[in-house]
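> Compact mmCIF, C-alpha atoms, saved as work.txt, coming up:
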```
# COMPACT_ATOMS: atom_id res chain seq x y z
CA MET K 1 132.68 153.38 73.73
CA SER K 2 131.41 149.81 73.72
CA ASP K 3 133.50 146.99 72.26
CA THR K 4 130.45 145.77 70.37
CA ARG K 5 129.58 147.71 67.26
CA ILE K 6 125.88 148.56 66.92
CA ILE K 7 124.12 148.28 63.57
CA LYS K 8 120.54 149.54 63.44
CA LYS K 9 118.05 148.07 60.99
CA TYR K 10 115.43 150.58 59.97
CA PRO K 11 111.90 149.77 58.75
CA ASN K 12 113.00 150.56 55.19
CA ARG K 13 115.33 147.50 55.57
CA ARG K 14 118.47 149.63 55.49
CA LEU K 15 121.31 148.95 57.91
CA TYR K 16 122.91 151.89 59.71
CA ASP K 17 126.36 151.47 61.28
CA THR K 18 126.46 153.74 64.31
CA GLU K 19 130.26 153.55 64.55
CA ILE K 20 130.90 155.07 61.13
CA SER K 21 127.57 156.98 60.93
CA ARG K 22 126.43 155.71 57.56
CA TYR K 23 124.28 153.07 55.92
CA ILE K 24 125.98 149.79 55.06
CA THR K 25 125.21 146.76 52.90
CA LEU K 26 125.06 143.05 53.62
CA GLU K 27 128.44 142.79 51.90
CA GLU K 28 129.88 145.20 54.44
CA ILE K 29 128.33 143.09 57.22
CA ARG K 30 130.11 140.10 55.69
CA GLN K 31 133.40 142.04 55.76
CA LEU K 32 132.89 142.81 59.45
CA VAL K 33 132.49 139.07 60.09
CA ILE K 34 135.59 138.25 58.06
CA LYS K 35 137.61 140.83 60.03
CA GLY K 36 136.34 139.31 63.29
CA GLU K 37 134.60 142.51 64.43
CA GLU K 38 132.00 142.10 67.17
CA PHE K 39 128.66 143.67 66.30
CA GLN K 40 124.98 143.47 67.07
CA VAL K 41 122.12 144.33 64.79
CA ILE K 42 119.17 145.96 66.52
CA ASP K 43 115.74 146.39 64.92
CA LYS K 44 115.16 150.15 65.27
CA ARG K 45 111.35 149.80 65.44
CA THR K 46 111.10 147.01 68.04
CA GLY K 47 114.47 147.27 69.80
CA ARG K 48 114.97 143.50 69.34
CA GLU K 49 118.43 142.08 68.68
CA ILE K 50 118.32 140.53 65.15
CA THR K 51 121.98 139.78 64.41
CA ARG K 52 121.25 136.11 63.66
CA THR K 53 118.57 137.05 61.09
CA ILE K 54 120.95 139.43 59.30
CA LEU K 55 123.74 136.81 59.31
CA LEU K 56 121.31 134.34 57.73
CA GLN K 57 120.61 136.94 55.03
CA VAL K 58 124.36 137.26 54.40
CA ILE K 59 124.64 133.48 54.08
CA SER K 60 121.63 133.36 51.77
CA GLU K 61 123.11 136.08 49.56
CA GLN K 62 126.46 134.24 49.40
CA GLU K 63 124.77 130.92 48.62
CA GLU K 64 122.82 132.47 45.72
CA GLY K 65 125.89 133.66 43.88
CA GLY K 66 129.13 131.98 43.06
CA ASP K 67 130.17 128.73 44.65
CA PRO K 68 127.81 127.69 47.47
CA ILE K 69 129.00 125.87 50.58
CA PHE K 70 125.71 124.09 51.27
CA THR K 71 124.58 121.48 48.79
CA THR K 72 120.89 120.72 48.45
CA ASN K 73 121.36 117.50 50.41
CA VAL K 74 123.13 119.31 53.26
CA LEU K 75 120.30 121.85 53.45
CA ARG K 76 117.69 119.08 53.46
CA ASN K 77 119.49 117.31 56.29
CA ILE K 78 119.72 120.49 58.33
CA ILE K 79 115.99 121.17 57.80
CA ARG K 80 115.17 117.64 58.98
CA PHE K 81 116.76 118.42 62.37
CA TYR K 82 114.40 121.33 63.10
CA GLY K 83 111.86 120.19 65.68
CA ASP K 84 113.70 116.89 66.16
CA THR K 85 114.87 115.85 69.61
CA MET K 86 118.42 115.99 68.25
CA GLN K 87 118.18 119.65 67.13
CA SER K 88 120.27 121.01 70.01
CA VAL K 89 122.80 118.20 69.58
CA MET K 90 123.08 119.00 65.87
CA SER K 91 123.60 122.69 66.65
CA SER K 92 126.37 121.89 69.14
CA TYR K 93 127.95 119.40 66.74
CA LEU K 94 128.05 121.93 63.89
CA GLU K 95 129.46 124.63 66.16
CA LEU K 96 132.20 122.35 67.51
CA SER K 97 132.99 121.01 64.04
CA LEU K 98 133.39 124.52 62.64
CA ALA K 99 135.55 125.55 65.60
CA PHE K 100 137.77 122.49 65.03
CA PHE K 101 137.93 123.18 61.27
CA ASN K 102 138.89 126.83 61.91
CA GLU K 103 141.60 125.76 64.35
CA GLN K 104 143.03 123.26 61.86
CA GLN K 105 142.97 125.86 59.11
CA HIS K 106 144.74 128.36 61.37
CA GLN K 107 147.43 125.80 62.31
CA PHE K 108 147.94 124.90 58.63
CA LYS K 109 148.35 128.56 57.66
CA ASP K 110 150.80 129.11 60.53
CA ARG K 111 152.88 126.11 59.50
CA LEU K 112 152.88 127.24 55.88
CA ARG K 113 153.85 130.78 56.92
CA ARG K 114 156.72 129.45 59.07
CA MET K 115 157.84 127.11 56.31
CA LEU K 116 157.87 129.85 53.71
CA GLY K 117 159.31 132.45 56.06
CA ALA K 118 157.60 135.75 56.66
CA ASN K 119 160.42 137.84 55.17
CA ASN K 120 161.24 136.16 51.88
CA PRO K 121 159.07 133.22 50.82
CA LEU K 122 160.83 132.94 47.44
CA ALA K 123 164.18 132.43 49.14
CA THR K 124 162.66 129.66 51.28
CA LEU K 125 161.16 127.98 48.22
CA ARG K 126 164.51 128.27 46.43
CA GLU K 127 166.23 126.71 49.45
CA LEU K 128 163.68 123.88 49.57
CA SER K 129 164.12 123.21 45.86
CA GLN K 130 167.91 123.20 46.27
CA ASP K 131 167.53 120.60 49.02
CA GLN K 132 165.45 118.47 46.66
CA LEU K 133 167.73 118.91 43.64
CA PRO K 134 170.12 116.02 44.48
CA ILE K 135 167.14 113.70 44.89
CA TRP K 136 165.69 114.73 41.51
CA ARG K 137 169.10 114.37 39.86
CA SER K 138 169.43 110.88 41.29
CA VAL K 139 165.94 109.93 40.09
CA ARG K 140 166.66 111.33 36.62
CA ARG K 141 170.02 109.52 36.47
CA GLU K 142 168.36 106.20 37.43
CA PHE K 143 165.57 106.76 34.92
CA LEU K 144 168.01 107.48 32.09
CA ARG K 145 170.22 104.55 33.10
CA ASN K 146 167.21 102.19 33.08
CA LEU K 147 166.03 103.67 29.82
CA SER K 148 169.40 103.08 28.16
CA LEU K 149 169.62 99.56 29.64
CA ASP K 150 166.14 98.81 28.29
CA ARG K 151 167.10 100.22 24.87
CA GLY K 152 170.31 98.13 24.89
CA LYS K 153 168.34 94.98 25.74
CA ARG K 154 165.88 95.69 22.93
CA GLN K 155 168.68 96.20 20.41
CA ALA K 156 170.29 92.92 21.51
CA MET K 157 167.03 91.05 20.98
CA PRO K 158 166.31 89.23 17.75
CA ASP K 159 163.91 91.17 15.48
CA LYS K 160 160.94 88.87 16.22
CA GLU K 161 161.23 89.34 20.02
CA ARG K 162 161.81 93.12 19.68
CA ASP K 163 158.60 93.48 17.67
CA ARG K 164 156.60 91.73 20.42
CA SER K 165 157.92 93.92 23.25
```
Output the file's structure as structure tokens, nothing else.


Amino acid sequence: MSDTRIIKKYPNRRLYDTEISRYITLEEIRQLVIKGEEFQVIDKRTGREITRTILLQVISEQEEGGDPIFTTNVLRNIIRFYGDTMQSVMSSYLELSLAFFNEQQHQFKDRLRRMLGANNPLATLRELSQDQLPIWRSVRREFLRNLSLDRGKRQAMPDKERDRS
């Protein structure tokens, strides 16, 4: 069996997943992307590979509902690059930028996972808070000391000066 999953798009616009032998939705295509599954969408009538077109439909559906990623200005700027001499540069730039962003996100999640500990994140948080407790106690002690010193100074002031401060 091939490593690449084959999805067939029929003339009735339905998508058929040959691996699980049933029709699927654009939401299920989105889930395949999220899981990192390799797939190709083939137009059943023409035999053409149309994965990119289906992915654009998934993006369009996601942008219509909820919280869109692309603002109107971002979309306008992207459209301006079509047909421009810089179109291929823009495509490469976006691809590299997303790859870098994904790598940074992965590293952040790994660091967070290591910091919290895979077995018991609550214990790690408790330990971190215990490490910070002496610092917070010191800050609170200084705050209260300064507050009481300030109150003592105010009480020692003549009434006229206390009213001004």

> Quote the spacing between CA of Phe101 (chain K) and CA of Thr4 (chain K) in Å to one decimal place.

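These two atoms are separated by 25.5 Å.
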
> Padding 4 Å on each side, edges along x, y and z: where is the centre of the box around the listed atoms of region 67-84 of chain K, and how long are its edges in Å to one decimal? Output it as JSON.


```
{"center_x": 121.0, "center_y": 122.8, "center_z": 55.4, "size_x": 26.3, "size_y": 19.8, "size_z": 29.5}
```

> Using all atoms listed in the file, which of K:Asn12, K:Thr25, K:Thr18, K:Gln62 sits nearest Arg45 (chain K)?

K:Asn12

> Could you check the closest approach to Arg13 (chain K) for each of K:Glu38, K:Val33, K:Arg80, K:Ile54 and tell me which residue wins, using only C-alpha atoms?

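Looking only at the distances to Arg13 (chain K), the closest residue turns out to be K:Ile54.
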
> One decimal, Å: what's the distance from CA of Gly83 (chain K) over to CA of Lys9 (chain K), could you say?

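Rounded to one decimal, the two atoms are 28.9 Å apart.
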